[in-house]
Every structure is written in C-alpha cells, then in structure tokens.
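Source file protein16.csv; content: CSV, C-alpha atoms and all ligand atoms.
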```
chain,number,residue,atom,x,y,z
A,1,MET,CA,-23.2,-27.4,2.3
A,2,GLY,CA,-21.7,-29.1,-0.7
A,3,LYS,CA,-21.0,-25.8,-2.4
A,4,MET,CA,-18.1,-25.7,-4.9
A,5,ARG,CA,-15.4,-23.3,-3.9
A,6,GLY,CA,-12.6,-22.2,-6.2
A,7,ALA,CA,-9.3,-20.3,-6.0
A,8,VAL,CA,-7.4,-18.7,-8.8
A,9,VAL,CA,-3.6,-18.2,-8.8
A,10,VAL,CA,-2.5,-15.5,-11.2
A,11,ASP,CA,0.9,-15.4,-13.0
A,12,GLU,CA,1.1,-11.7,-12.7
A,13,ALA,CA,4.3,-11.4,-14.7
A,14,ARG,CA,2.8,-13.2,-17.7
A,15,CYS,CA,-0.6,-11.3,-17.6
A,16,LYS,CA,-1.2,-8.6,-20.2
A,17,GLY,CA,-4.3,-7.1,-18.7
A,18,CYS,CA,-6.5,-7.9,-21.6
A,19,ASN,CA,-9.6,-8.1,-19.3
A,20,LEU,CA,-11.1,-11.2,-21.1
A,21,CYS,CA,-11.0,-13.2,-17.8
A,22,VAL,CA,-12.7,-10.5,-15.9
A,23,VAL,CA,-15.6,-10.4,-18.4
A,24,ALA,CA,-15.8,-14.2,-18.6
A,25,CYS,CA,-16.1,-14.7,-14.8
A,26,PRO,CA,-19.7,-15.3,-13.9
A,27,THR,CA,-19.3,-14.3,-10.3
A,28,ASP,CA,-17.3,-11.1,-10.6
A,29,SER,CA,-14.5,-12.6,-8.7
A,30,LEU,CA,-11.7,-10.9,-10.8
A,31,LYS,CA,-10.5,-7.4,-11.5
A,32,LEU,CA,-7.5,-5.7,-13.1
A,33,SER,CA,-5.1,-4.0,-10.8
A,34,ALA,CA,-5.6,-0.3,-10.5
A,35,GLY,CA,-2.5,1.9,-10.3
A,36,GLU,CA,-0.1,-1.1,-10.3
A,37,VAL,CA,1.5,-2.7,-13.3
A,38,ASN,CA,3.8,-5.6,-13.9
A,39,HIS,CA,7.4,-5.5,-15.3
A,40,ARG,CA,6.0,-5.1,-18.8
A,41,GLY,CA,3.8,-2.2,-17.9
A,42,TYR,CA,0.5,-4.1,-18.0
A,43,ALA,CA,-2.2,-3.9,-15.4
A,44,PHE,CA,-2.7,-7.5,-14.2
A,45,CYS,CA,-5.5,-9.8,-13.1
A,46,GLN,CA,-6.3,-10.1,-9.3
A,47,GLN,CA,-8.8,-12.2,-7.5
A,48,VAL,CA,-10.4,-9.4,-5.5
A,49,ASN,CA,-13.5,-11.3,-4.5
A,50,PRO,CA,-12.2,-14.9,-3.7
A,51,ASP,CA,-15.2,-16.0,-1.6
A,52,VAL,CA,-17.6,-16.1,-4.6
A,53,CYS,CA,-15.3,-18.1,-6.9
A,54,THR,CA,-16.8,-21.5,-7.8
A,55,GLY,CA,-13.7,-22.8,-9.6
A,56,CYS,CA,-15.6,-23.0,-12.9
A,57,SER,CA,-12.4,-22.3,-14.8
A,58,SER,CA,-14.0,-19.9,-17.3
A,59,CYS,CA,-11.3,-17.4,-16.7
A,60,ALA,CA,-8.5,-19.8,-17.3
A,61,ILE,CA,-10.1,-21.1,-20.5
A,62,VAL,CA,-10.5,-17.7,-22.1
A,63,CYS,CA,-7.0,-16.4,-21.1
A,64,PRO,CA,-4.9,-16.2,-24.2
A,65,ASP,CA,-1.7,-16.3,-22.3
A,66,GLY,CA,-2.3,-19.1,-19.9
A,67,CYS,CA,-1.8,-17.0,-16.8
A,68,LEU,CA,-4.4,-18.5,-14.6
A,69,THR,CA,-4.3,-21.7,-12.5
A,70,VAL,CA,-7.6,-22.8,-11.0
A,71,TYR,CA,-8.3,-25.0,-8.0
A,72,ARG,CA,-11.7,-26.4,-7.0
A,73,LYS,CA,-12.9,-28.1,-3.9
A,74,LYS,CA,-16.3,-29.1,-2.5
A,75,GLU,CA,-17.2,-27.5,0.8
A,76,ASP,CA,-18.1,-30.1,3.4
B,1,MET,CA,-15.6,-22.2,5.3
B,2,LEU,CA,-12.6,-23.5,3.4
B,3,THR,CA,-9.5,-21.3,3.4
B,4,ARG,CA,-7.6,-20.4,0.2
B,5,GLU,CA,-4.8,-22.6,1.4
B,6,GLU,CA,-7.1,-25.6,1.7
B,7,ILE,CA,-8.4,-25.1,-1.8
B,8,ILE,CA,-5.0,-24.6,-3.4
B,9,GLN,CA,-3.8,-28.2,-3.3
B,10,PRO,CA,-2.5,-30.3,-6.1
B,11,GLN,CA,-5.5,-32.7,-6.0
B,12,ASN,CA,-7.9,-29.8,-6.5
B,13,LEU,CA,-6.2,-28.5,-9.7
B,14,VAL,CA,-8.7,-28.1,-12.5
B,15,ALA,CA,-7.1,-25.7,-15.0
B,16,GLU,CA,-3.6,-24.4,-15.7
B,17,LYS,CA,-1.3,-23.4,-18.6
B,18,PRO,CA,-1.0,-26.4,-20.9
B,19,ALA,CA,2.1,-28.5,-20.1
B,20,LEU,CA,3.4,-28.3,-23.7
B,21,MET,CA,3.5,-24.5,-23.6
B,22,ASN,CA,6.9,-22.9,-22.9
B,23,ASN,CA,7.3,-20.4,-20.1
B,24,VAL,CA,8.6,-17.7,-22.5
B,25,ASP,CA,6.2,-14.8,-22.8
B,26,MET,CA,4.2,-14.7,-26.1
B,27,HIS,CA,4.7,-11.6,-28.2
B,28,TYR,CA,1.0,-11.4,-29.1
B,29,CYS,CA,-1.0,-8.2,-28.3
B,30,PRO,CA,-3.1,-8.5,-25.1
B,31,GLY,CA,-6.3,-10.5,-25.8
B,32,CYS,CA,-5.2,-11.8,-29.2
B,33,SER,CA,-7.1,-14.9,-30.4
B,34,HIS,CA,-3.7,-16.5,-31.4
B,35,GLY,CA,-2.9,-17.3,-27.8
B,36,VAL,CA,-6.2,-19.1,-27.2
B,37,VAL,CA,-5.7,-21.3,-30.3
B,38,HIS,CA,-2.1,-22.0,-29.3
B,39,LYS,CA,-3.3,-23.3,-26.0
B,40,LEU,CA,-5.9,-25.6,-27.7
B,41,VAL,CA,-3.3,-27.0,-30.0
B,42,ALA,CA,-0.9,-27.7,-27.1
B,43,GLU,CA,-3.6,-29.4,-25.1
B,44,VAL,CA,-4.8,-31.6,-27.9
B,45,ILE,CA,-1.3,-32.8,-28.8
B,46,ALA,CA,-0.7,-33.7,-25.2
B,47,GLU,CA,-4.0,-35.4,-24.8
B,48,MET,CA,-3.3,-37.5,-27.9
B,49,GLY,CA,0.1,-38.4,-26.5
B,50,LEU,CA,1.9,-37.0,-29.6
B,51,GLU,CA,4.3,-34.7,-28.0
B,52,GLU,CA,7.3,-36.4,-29.6
B,53,LYS,CA,5.6,-37.1,-32.9
B,54,THR,CA,4.2,-33.8,-34.0
B,55,ILE,CA,5.6,-31.3,-36.6
B,56,GLY,CA,4.1,-27.9,-36.7
B,57,ILE,CA,4.7,-25.5,-39.6
B,58,SER,CA,4.6,-21.9,-38.6
B,59,PRO,CA,3.7,-19.1,-41.1
B,60,VAL,CA,4.7,-15.6,-41.9
B,61,GLY,CA,2.3,-13.3,-40.0
B,62,CYS,CA,1.9,-12.7,-36.3
B,63,ALA,CA,2.2,-16.4,-35.6
B,64,VAL,CA,5.7,-16.5,-37.1
B,65,PHE,CA,7.1,-17.3,-33.7
B,66,ALA,CA,4.7,-20.1,-32.9
B,67,TYR,CA,7.7,-22.4,-32.7
B,68,ARG,CA,8.9,-20.6,-29.6
B,69,TYR,CA,5.7,-21.3,-27.7
B,70,ILE,CA,4.7,-24.9,-28.1
B,71,ASP,CA,7.3,-27.5,-27.2
B,72,ILE,CA,7.2,-29.7,-30.3
B,73,ASP,CA,9.2,-29.9,-33.5
B,74,TRP,CA,8.6,-27.1,-36.0
B,75,GLN,CA,9.5,-25.9,-39.4
B,76,GLU,CA,9.2,-22.2,-40.4
B,77,ALA,CA,7.8,-21.8,-43.9
B,78,ALA,CA,8.2,-19.0,-46.4
B,79,HIS,CA,5.2,-16.8,-46.7
B,80,GLY,CA,2.1,-18.9,-47.7
B,81,ARG,CA,4.1,-22.0,-48.4
B,82,ALA,CA,3.3,-23.9,-45.1
B,83,PRO,CA,1.0,-26.5,-46.8
B,84,ALA,CA,3.8,-27.4,-49.3
B,85,LEU,CA,6.3,-27.8,-46.4
B,86,ALA,CA,3.7,-29.8,-44.5
B,87,THR,CA,3.2,-32.1,-47.6
B,88,ALA,CA,6.9,-32.9,-47.7
B,89,CYS,CA,7.1,-33.5,-43.9
B,90,LYS,CA,4.1,-35.8,-43.9
B,91,ARG,CA,5.2,-37.8,-46.9
B,92,LEU,CA,8.7,-38.3,-45.5
B,93,TRP,CA,7.4,-39.1,-42.0
B,94,PRO,CA,3.9,-40.6,-42.4
B,95,ASP,CA,3.7,-41.6,-38.7
B,96,ARG,CA,4.0,-37.9,-37.6
B,97,LEU,CA,1.2,-35.5,-36.9
B,98,VAL,CA,1.8,-32.7,-39.3
B,99,PHE,CA,-0.1,-29.4,-39.1
B,100,THR,CA,0.2,-25.9,-40.4
B,101,TYR,CA,-0.8,-22.8,-38.5
B,102,GLN,CA,-1.6,-19.9,-40.8
B,103,GLY,CA,-3.2,-16.5,-40.9
B,104,ASP,CA,-5.6,-15.3,-43.6
B,105,GLY,CA,-3.0,-13.2,-45.4
B,106,ASP,CA,-0.6,-16.1,-45.4
B,107,LEU,CA,-3.2,-18.8,-46.3
B,108,ALA,CA,-5.8,-17.0,-48.4
B,109,CYS,CA,-3.7,-14.5,-50.2
B,110,ILE,CA,0.0,-15.2,-51.0
B,111,GLY,CA,-0.5,-18.9,-50.3
B,112,THR,CA,-3.9,-19.6,-51.9
B,113,ALA,CA,-2.4,-21.9,-54.5
B,114,GLU,CA,-0.5,-24.0,-51.9
B,115,THR,CA,-3.6,-24.2,-49.7
B,116,ILE,CA,-6.0,-25.3,-52.4
B,117,HIS,CA,-3.7,-27.8,-53.9
B,118,ALA,CA,-2.6,-29.4,-50.7
B,119,LEU,CA,-6.2,-29.8,-49.6
B,120,ASN,CA,-7.2,-31.1,-53.1
B,121,ARG,CA,-4.4,-33.6,-53.1
B,122,GLY,CA,-5.8,-35.0,-49.8
B,123,GLU,CA,-2.5,-34.7,-48.0
B,124,ASN,CA,-2.9,-36.2,-44.5
B,125,ILE,CA,-2.3,-32.9,-42.8
B,126,THR,CA,-4.3,-30.4,-40.8
B,127,ILE,CA,-4.4,-26.7,-41.6
B,128,ILE,CA,-5.3,-24.4,-38.8
B,129,PHE,CA,-6.5,-21.1,-40.3
B,130,ILE,CA,-6.6,-18.0,-38.1
B,131,ASN,CA,-9.0,-15.7,-40.0
B,132,ASN,CA,-8.9,-12.2,-38.4
B,133,ALA,CA,-9.9,-10.5,-41.7
B,134,ILE,CA,-6.7,-8.4,-41.7
B,135,TYR,CA,-2.9,-8.5,-42.0
B,136,GLY,CA,-2.2,-8.2,-38.3
B,137,MET,CA,1.6,-8.4,-38.3
B,138,THR,CA,2.3,-5.7,-40.9
B,139,GLY,CA,0.0,-3.1,-39.4
B,140,GLY,CA,-3.6,-3.9,-40.3
B,141,GLN,CA,-3.8,-3.9,-44.1
B,142,MET,CA,-6.8,-5.3,-46.0
B,143,ALA,CA,-6.7,-9.0,-46.6
B,144,PRO,CA,-8.8,-11.1,-49.1
B,145,THR,CA,-10.9,-12.0,-46.1
B,146,THR,CA,-11.6,-8.4,-45.0
B,147,LEU,CA,-15.4,-7.8,-44.7
B,148,LEU,CA,-17.2,-5.4,-47.1
B,149,GLY,CA,-17.3,-2.0,-45.6
B,150,MET,CA,-14.6,-2.8,-43.0
B,151,LYS,CA,-12.0,-0.1,-42.7
B,152,THR,CA,-8.3,-1.0,-42.7
B,153,ALA,CA,-5.0,0.9,-43.3
B,154,THR,CA,-5.3,0.2,-47.1
B,155,CYS,CA,-9.0,0.7,-47.4
B,156,PRO,CA,-9.6,3.6,-45.1
B,157,TYR,CA,-13.1,4.2,-46.5
B,158,GLY,CA,-14.1,0.6,-46.1
B,159,ARG,CA,-13.7,-2.4,-48.4
B,160,ASP,CA,-15.6,-1.7,-51.6
B,161,PRO,CA,-16.4,-4.7,-53.8
B,162,ARG,CA,-16.1,-2.7,-57.0
B,163,LEU,CA,-12.5,-1.8,-56.1
B,164,HIS,CA,-11.4,-4.7,-53.9
B,165,GLY,CA,-13.6,-7.6,-54.8
B,166,TYR,CA,-15.4,-9.8,-52.3
B,167,PRO,CA,-14.2,-11.4,-49.1
B,168,LEU,CA,-12.9,-14.8,-49.9
B,169,LYS,CA,-14.4,-17.9,-48.3
B,170,ILE,CA,-11.6,-20.4,-48.5
B,171,THR,CA,-13.3,-22.8,-46.2
B,172,GLU,CA,-16.3,-23.1,-48.4
B,173,ILE,CA,-14.0,-23.8,-51.3
B,174,ALA,CA,-12.1,-26.4,-49.3
B,175,ALA,CA,-15.4,-28.2,-48.5
B,176,GLN,CA,-15.9,-28.8,-52.3
B,177,LEU,CA,-12.6,-30.5,-52.8
B,178,GLU,CA,-12.5,-34.3,-53.0
B,179,GLY,CA,-9.3,-34.4,-50.9
B,180,THR,CA,-10.7,-32.9,-47.8
B,181,ALA,CA,-12.0,-35.1,-45.0
B,182,TYR,CA,-13.0,-32.5,-42.4
B,183,VAL,CA,-13.7,-28.9,-43.0
B,184,THR,CA,-14.9,-26.7,-40.2
B,185,ARG,CA,-15.2,-23.1,-39.0
B,186,GLN,CA,-14.9,-22.4,-35.3
B,187,SER,CA,-14.2,-19.4,-33.0
B,188,VAL,CA,-12.7,-18.8,-29.6
B,189,HIS,CA,-14.6,-15.9,-28.2
B,190,SER,CA,-16.4,-17.7,-25.4
B,191,VAL,CA,-15.9,-20.7,-23.1
B,192,ALA,CA,-18.5,-22.7,-25.1
B,193,ALA,CA,-16.8,-21.8,-28.5
B,194,ILE,CA,-13.4,-22.6,-27.1
B,195,ARG,CA,-14.6,-26.1,-26.0
B,196,LYS,CA,-16.1,-26.7,-29.5
B,197,CYS,CA,-13.0,-25.5,-31.2
B,198,LYS,CA,-10.8,-27.9,-29.2
B,199,LYS,CA,-13.0,-30.8,-30.2
B,200,ALA,CA,-12.7,-29.8,-33.9
B,201,ILE,CA,-8.9,-29.6,-33.7
B,202,ARG,CA,-8.9,-33.0,-32.0
B,203,HIS,CA,-11.1,-34.5,-34.8
B,204,ALA,CA,-8.9,-33.0,-37.5
B,205,PHE,CA,-5.7,-34.3,-35.9
B,206,GLU,CA,-7.2,-37.8,-35.5
B,207,ASN,CA,-8.2,-37.8,-39.2
B,208,SER,CA,-4.6,-36.7,-40.1
B,209,MET,CA,-3.2,-39.6,-38.2
B,210,GLN,CA,-5.7,-42.1,-39.6
B,211,GLY,CA,-4.9,-41.0,-43.2
B,212,LYS,CA,-8.4,-39.9,-44.0
B,213,GLY,CA,-7.3,-36.9,-46.1
B,214,SER,CA,-6.8,-33.2,-45.5
B,215,ASN,CA,-8.4,-31.2,-42.7
B,216,LEU,CA,-9.1,-27.5,-42.4
B,217,VAL,CA,-10.0,-25.8,-39.1
B,218,GLU,CA,-10.8,-22.2,-39.7
B,219,VAL,CA,-10.9,-20.1,-36.5
B,220,VAL,CA,-12.7,-16.8,-36.9
B,221,SER,CA,-10.5,-14.6,-34.8
B,222,THR,CA,-9.9,-11.1,-33.5
B,223,CYS,CA,-7.1,-8.8,-34.2
B,224,ASN,CA,-7.9,-6.1,-31.7
B,225,SER,CA,-4.8,-4.0,-32.5
B,226,GLY,CA,-5.5,-4.1,-36.3
B,227,TRP,CA,-9.2,-3.5,-35.7
B,228,LYS,CA,-8.4,-0.7,-33.3
B,229,MET,CA,-10.6,-1.8,-30.4
B,230,ASN,CA,-10.0,-3.3,-27.0
B,231,PRO,CA,-10.0,-7.2,-26.7
B,232,VAL,CA,-13.5,-7.4,-25.2
B,233,LYS,CA,-15.0,-5.0,-27.8
B,234,ALA,CA,-13.2,-7.0,-30.6
B,235,ASN,CA,-14.9,-10.2,-29.5
B,236,GLU,CA,-18.3,-8.4,-29.5
B,237,TRP,CA,-17.6,-6.9,-33.0
B,238,MET,CA,-16.6,-10.3,-34.3
B,239,GLU,CA,-19.9,-11.8,-33.1
B,240,GLU,CA,-21.9,-9.0,-34.5
B,241,HIS,CA,-20.1,-8.7,-37.9
B,242,MET,CA,-17.9,-11.7,-38.8
B,243,PHE,CA,-20.4,-14.5,-38.0
B,244,ASP,CA,-22.9,-13.2,-40.5
B,245,TYR,CA,-20.5,-13.7,-43.3
B,246,TYR,CA,-18.3,-16.5,-41.9
B,247,HIS,CA,-20.9,-19.0,-40.6
B,248,VAL,CA,-19.5,-21.1,-37.7
B,249,GLY,CA,-20.0,-24.9,-37.8
B,250,ASP,CA,-18.9,-28.0,-39.7
B,251,LEU,CA,-18.9,-27.6,-43.5
B,252,LYS,CA,-17.8,-31.2,-44.3
B,253,ASP,CA,-17.2,-34.3,-42.3
B,254,THR,CA,-16.7,-37.4,-44.5
B,255,GLU,CA,-17.1,-39.6,-41.5
B,256,VAL,CA,-20.7,-38.3,-40.9
B,257,ILE,CA,-21.7,-38.4,-44.6
B,258,ARG,CA,-20.3,-41.9,-45.5
A,301,LIG,C1,7.0,-12.5,-49.5
A,301,LIG,C2,6.5,-11.6,-48.5
A,301,LIG,N1,5.5,-10.8,-48.8
A,301,LIG,C3,5.0,-9.9,-47.9
A,301,LIG,C4,5.4,-10.0,-46.6
A,301,LIG,C5,4.8,-9.0,-45.6
A,301,LIG,N2,3.9,-9.7,-44.7
A,301,LIG,C6,4.3,-10.2,-43.5
A,301,LIG,S1,3.1,-10.9,-42.6
A,301,LIG,C7,2.0,-10.5,-43.9
A,301,LIG,C8,0.5,-10.9,-43.7
A,301,LIG,C9,0.1,-11.3,-42.3
A,301,LIG,O1,-1.3,-11.5,-42.2
A,301,LIG,P1,-1.9,-12.8,-41.8
A,301,LIG,O2,-1.4,-14.0,-42.5
A,301,LIG,O3,-3.4,-12.6,-41.9
A,301,LIG,O4,-1.5,-13.0,-40.3
A,301,LIG,P2,-1.9,-12.2,-39.0
A,301,LIG,O5,-0.7,-11.4,-38.7
A,301,LIG,O6,-3.1,-11.4,-39.2
A,301,LIG,O7,-2.1,-13.3,-38.0
A,301,LIG,C10,2.6,-9.9,-44.9
A,301,LIG,C11,1.9,-9.4,-46.1
A,301,LIG,C12,6.5,-10.9,-46.3
A,301,LIG,N3,6.9,-11.0,-45.1
A,301,LIG,N4,7.0,-11.7,-47.2
A,302,LIG,S1,-12.9,-20.0,-11.7
A,302,LIG,FE1,-14.9,-19.2,-12.4
A,302,LIG,S2,-15.8,-18.2,-10.7
A,302,LIG,FE2,-13.6,-18.4,-10.2
A,302,LIG,S3,-12.6,-16.5,-10.9
A,302,LIG,FE3,-12.5,-18.0,-12.6
A,302,LIG,S4,-14.3,-17.6,-13.8
A,302,LIG,FE4,-14.6,-16.6,-11.8
A,303,LIG,S1,-7.2,-13.1,-19.6
A,303,LIG,FE1,-5.1,-13.7,-18.9
A,303,LIG,S2,-3.8,-12.1,-19.8
A,303,LIG,FE2,-5.9,-11.3,-19.9
A,303,LIG,S3,-6.2,-10.1,-18.0
A,303,LIG,FE3,-6.9,-12.2,-17.6
A,303,LIG,S4,-5.1,-13.3,-16.7
A,303,LIG,FE4,-4.4,-11.4,-17.8
A,304,LIG,S1,-1.5,-7.5,-34.5
A,304,LIG,FE1,-3.5,-8.5,-34.3
A,304,LIG,S2,-3.1,-10.7,-34.8
A,304,LIG,FE2,-1.2,-9.7,-34.4
A,304,LIG,S3,-0.8,-10.2,-32.2
A,304,LIG,FE3,-1.7,-8.1,-32.3
A,304,LIG,S4,-3.9,-8.6,-32.1
A,304,LIG,FE4,-2.9,-10.5,-32.6
A,305,MG,MG,-4.7,-12.1,-40.4
```
Kindly return the structure encoded in the file as structure tokens.
Amino acid sequence: MGKMRGAVVVDEARCKGCNLCVVACPTDSLKLSAGEVNHRGYAFCQQVNPDVCTGCSSCAIVCPDGCLTVYRKKED
Amino acid sequence: MLTREEIIQPQNLVAEKPALMNNVDMHYCPGCSHGVVHKLVAEVIAEMGLEEKTIGISPVGCAVFAYRYIDIDWQEAAHGRAPALATACKRLWPDRLVFTYQGDGDLACIGTAETIHALNRGENITIIFINNAIYGMTGGQMAPTTLLGMKTATCPYGRDPRLHGYPLKITEIAAQLEGTAYVTRQSVHSVAAIRKCKKAIRHAFENSMQGKGSNLVEVVSTCNSGWKMNPVKANEWMEEHMFDYYHVGDLKDTEVIR
C-alpha cells in the first residue's frame, strides 16, 4: 500500500566489517557475517532482514568504503 | 509484495559508490572517517562537473594515498606543504578547482605556517582538514590538536597543558584572517552530519571557483585505531569529547556577513 521498499547490494570483497552501516540502519536490516570472512579476513555486511528495508540509504551514506548500493521502489 | 529482483533495477538506484572513486581498495582502517570524506569530495566534484578541472593536493599522513582513490589530477606534497603547492597550482591554472586534503599533524603542526599564510593571502583554494586529534599514520602520537587529558603513545598519562600546551584551534584562527571567505567545522559521524558536511564542501569549492578567497573545511574525525576503540565506539567518543572543544558549525561566511 504505497510502502517504500528497498534492497541493498553489498560489495563483500570491498567491505571491512566496520559495523557502521549496521548501527546506522533504522530497521535492523543488516548484520555482519558470523564465521565467514572475505579475502582480506574481514567479516562483511549482509542484508539478513531484507523485507524491512525502506531504501533510506543511511547505510550507504555512512559506509566509508562505498560498499553498498541501494535500490528503492514504491510498493503498488 | 515486490521481489528483490523487482527492486534491484537501474531506475530504482538511489545510492552507490561515487562514480569518481576508483575500484582499488582503500588502505584505511575499517570505519575510518577519511573514507567518508573521500566519498563526499568525489561526489561534490562530480556534481559540479569539475572532473577534468580539479587538482587535489594530498598530504603526508594516512591520506598520503588519496591520489589513488579519487580519479582526478593530484600532486603529492612534502609534509605540511600542501597549501604552498596548492597556491602554485591555483596561480598557474586559475580556472582549476584546487584543494588540499590534510590531517591535523600535517596541517596544524609541521605545516602551520603554510596553512596560516595561504589562508591569510586569500588564495582561492579550499583546505579540507581532517582533525582526528592524533597522528594516525605513525602510530597514534600526540598532535597539537590532542584533547587535554587524552592518552596517546607519546602522552600515555594524558595530555597535560603544563607539559604539552593546549589543543590548537586552527579553524578559529583561520576565521580571524582577512583572506578567508568560508571557514567551517563539520563532522561525518551520522547521516545528518554527513549531509551537512557535503554542503559545506560544495560551498567551499564554489567559493574557490568564484575567486572569493580561501576556504577551510575542518572535519572533526575519528581515528579508531589510534584511539584504540572500535569504529562505532570512536564515533560515540568523538560526540562525547571532541565536540565540547571543537564546536561544529560555520565560523565565518563572508557571503552571509556582507
Ligand atoms: C618531515 C617529516 N616529518 C615527520 C614525518 C612522520 N609523519 C608521517 S605522517 C605524520 C603525521 C600524521 O598525522 P596527521 O597529519 O594528523 O594525519 P592522520 O594520519 O592522522 O590522518 C608524521 C609526523 C614525515 N613523514 N616527514
Ligand atoms: S537502505 Fe535504510 S533500511 Fe535499508 S538496509 Fe540501508 S539503512 Fe537499513
Ligand atoms: S559500513 Fe561499509 S565497510 Fe563498514 S561494515 Fe558496512 S558495508 Fe562494510
Ligand atoms: S590510523 Fe587512524 S586515521 Fe589512519 S587509517 Fe587508521 S583509523 Fe584512519
Ligand atoms: Mg591526524
């Protein structure tokens, strides 16, 4: 019903697991990987709770390494 | 309910890595403020359409490799000498956007003279000043900007004014100089702060291109490695301790006053 829906694509190889995006997300949509690391040994961001994402872009704005691409679409 | 595939379509794109940022990994520690400011600089240059007309001057400090990360022309300055190099570039190419990108050790210690005199001469440049109150690159030594009581590798019992003097407020000094057009102090610890900081960088760059004088954008920043805390905690510590001494906001804007 006109609700904003979002989706985040993570550049896992570029991510350094700093956790800033996880804390910045108002909907608790993101989490760092547990027990899995990228080629540089960092835990990386994952969108574990995609249905709550509104596409607000807070995560992408705070990410120091530009790892996050955000898409946003209005639900019909 | 929309599927993920329906949302992930080019026409729905709202945020991505700035186009001017190279794909090479940045060497900064996880969560370092330098990365956020790099993104803002890259976005503003692209939004102003100055990709082919910008010269950045990188410092000695953690941002020494800034030239690898933003796809514009760069010069690498000797420690603290970025404002002198920027002066030369801007005088030789007045139609270029010329900015320096410097840490507090680079700008407020070894390069204090260059900073003050370039600003006082009213060179039509912008200085972006990353104040993380420490020498990040060399392992977290005390800087002129280190807060009183703050512990670093070279003041393990905390900065003591009787031994080390007081934290230097270069930005307040810059606001007193006739040559400066816009002097501001910003931060990048939250979405709102990042948006404001971007506007400040844009205003400074526009002033530089319009020949209004020198511009200084201080960004109160974190160095979570040097401060020995995680990135989230470092942002909290900065809000709690740095902003009391380094007040965020515009200190001077000649456009507003005149
Ligand atoms: C002439 C000279 N003196 C000292 C150094 C050592 N040195 C390298 S970076 C630096 C300070 C870096 O601190 P800052 O400018 O605050 O940058 P940050 O790494 O915190 O971003 C110093 C003293 C040097 N490289 N050259
Ligand atoms: S776009 Fe907003 S809601 Fe979605 S993951 Fe990022 S911060 Fe959370
Ligand atoms: S802010 Fe960026 S680098 Fe940090 S964890 Fe999130 S995606 Fe990774
Ligand atoms: S040492 Fe500090 S300033 Fe340098 S990259 Fe690491 S966190 Fe950033
Ligand atoms: Mg520093």
Inset, instruction - Do a neighbour search on stretch 31-41 of chain A at 12 Å with all atoms listed in the file, toss out local chain neighbours closer than 5 positions, and write the hits as a list in words. - result: Val10, Asp11, Glu12, Ala13, Arg14, Cys15, Lys16, Gly17, Cys18, Asn19, Leu20, Cys21, Val22, Val23, Ala24, Cys25, Gln46, Gln47, Val48, Asn49, Pro50 and Cys59 of chain A; Asp25, His27 and Pro30 of chain B
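Pairwise distance (atom CA of B:Asp106, atom S3 of ligand LIG 304 (chain A)) equals 14.5 Å.
All chain B residues having an atom within 6 Å of chain A, based on all atoms listed in the file, amount to Ile7, Ile8, Asn12, Leu13, Val14, Ala15, Glu16, Lys17, Pro30, Gly31, Gly35 and Val36 of chain B.
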Inset, instruction - Choose the residue, out of B:Glu239, B:Leu50, B:Val232, B:Ile194, that has the smallest atom-to-atom separation from ligand LIG 303 (chain A); count all atoms listed in the file. - result: B:Val232
Inset, instruction - Could you jot down the atom CA of B:Lys228 to atom CA of B:Asp160 separation for me, Å, one decimal place? - result: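 Between these atoms lies a distance of 19.7 Å.
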Inset, instruction - Could you give me, as a PyMOL selection string, every polymer residue with an atom at most 6 Å away from an atom of ligand LIG 304 (chain A), counting only C-alpha atoms and all ligand atoms? - result: chain B and resi 28-29+32+62+136-137+223-226
Inset, instruction - Could you jot down the atom CA of B:Tyr157 to atom CA of B:Gln102 separation for me, Å, one decimal place? - result: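 We find that atom CA of B:Tyr157 and atom CA of B:Gln102 lie 27.3 Å from each other.
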Legend entry - Exercise answer, 6 Å around ligand MG 305 (chain A) with all atoms listed in the file, as a list in words: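 Protein and nucleic-acid residues within 6 Å of ligand MG 305 (chain A): Gly103, Asp104, Gly105, Asn131, Asn132, Ala133, Ile134, Tyr135 and Gly136 of chain B.
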Deliver the residues from the most recent selection as a file, using C-alpha atoms, as a PDB file, in the coordinates of the input.
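So result_32.pdb came out as:
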```
ATOM      1  CA  GLY B 103      -3.200 -16.500 -40.900  1.00  0.00           C
ATOM      2  CA  ASP B 104      -5.600 -15.300 -43.600  1.00  0.00           C
ATOM      3  CA  GLY B 105      -3.000 -13.200 -45.400  1.00  0.00           C
ATOM      4  CA  ASN B 131      -9.000 -15.700 -40.000  1.00  0.00           C
ATOM      5  CA  ASN B 132      -8.900 -12.200 -38.400  1.00  0.00           C
ATOM      6  CA  ALA B 133      -9.900 -10.500 -41.700  1.00  0.00           C
ATOM      7  CA  ILE B 134      -6.700  -8.400 -41.700  1.00  0.00           C
ATOM      8  CA  TYR B 135      -2.900  -8.500 -42.000  1.00  0.00           C
ATOM      9  CA  GLY B 136      -2.200  -8.200 -38.300  1.00  0.00           C
TER      10      GLY B 136
END
```
Legend entry - B:Leu177 environment, 9 Å, only C-alpha atoms, sequence neighbours closer than 5 positions dropped, as an MDAnalysis selection string: chainID B and resid 116 119:122
Coordinates of box centre and edge lengths for ligand LIG 303 (chain A), 3 Å on every side, axis-aligned, as JSON:
```
{"center_x": -5.5, "center_y": -11.9, "center_z": -18.3, "size_x": 9.4, "size_y": 9.6, "size_z": 9.2}
```
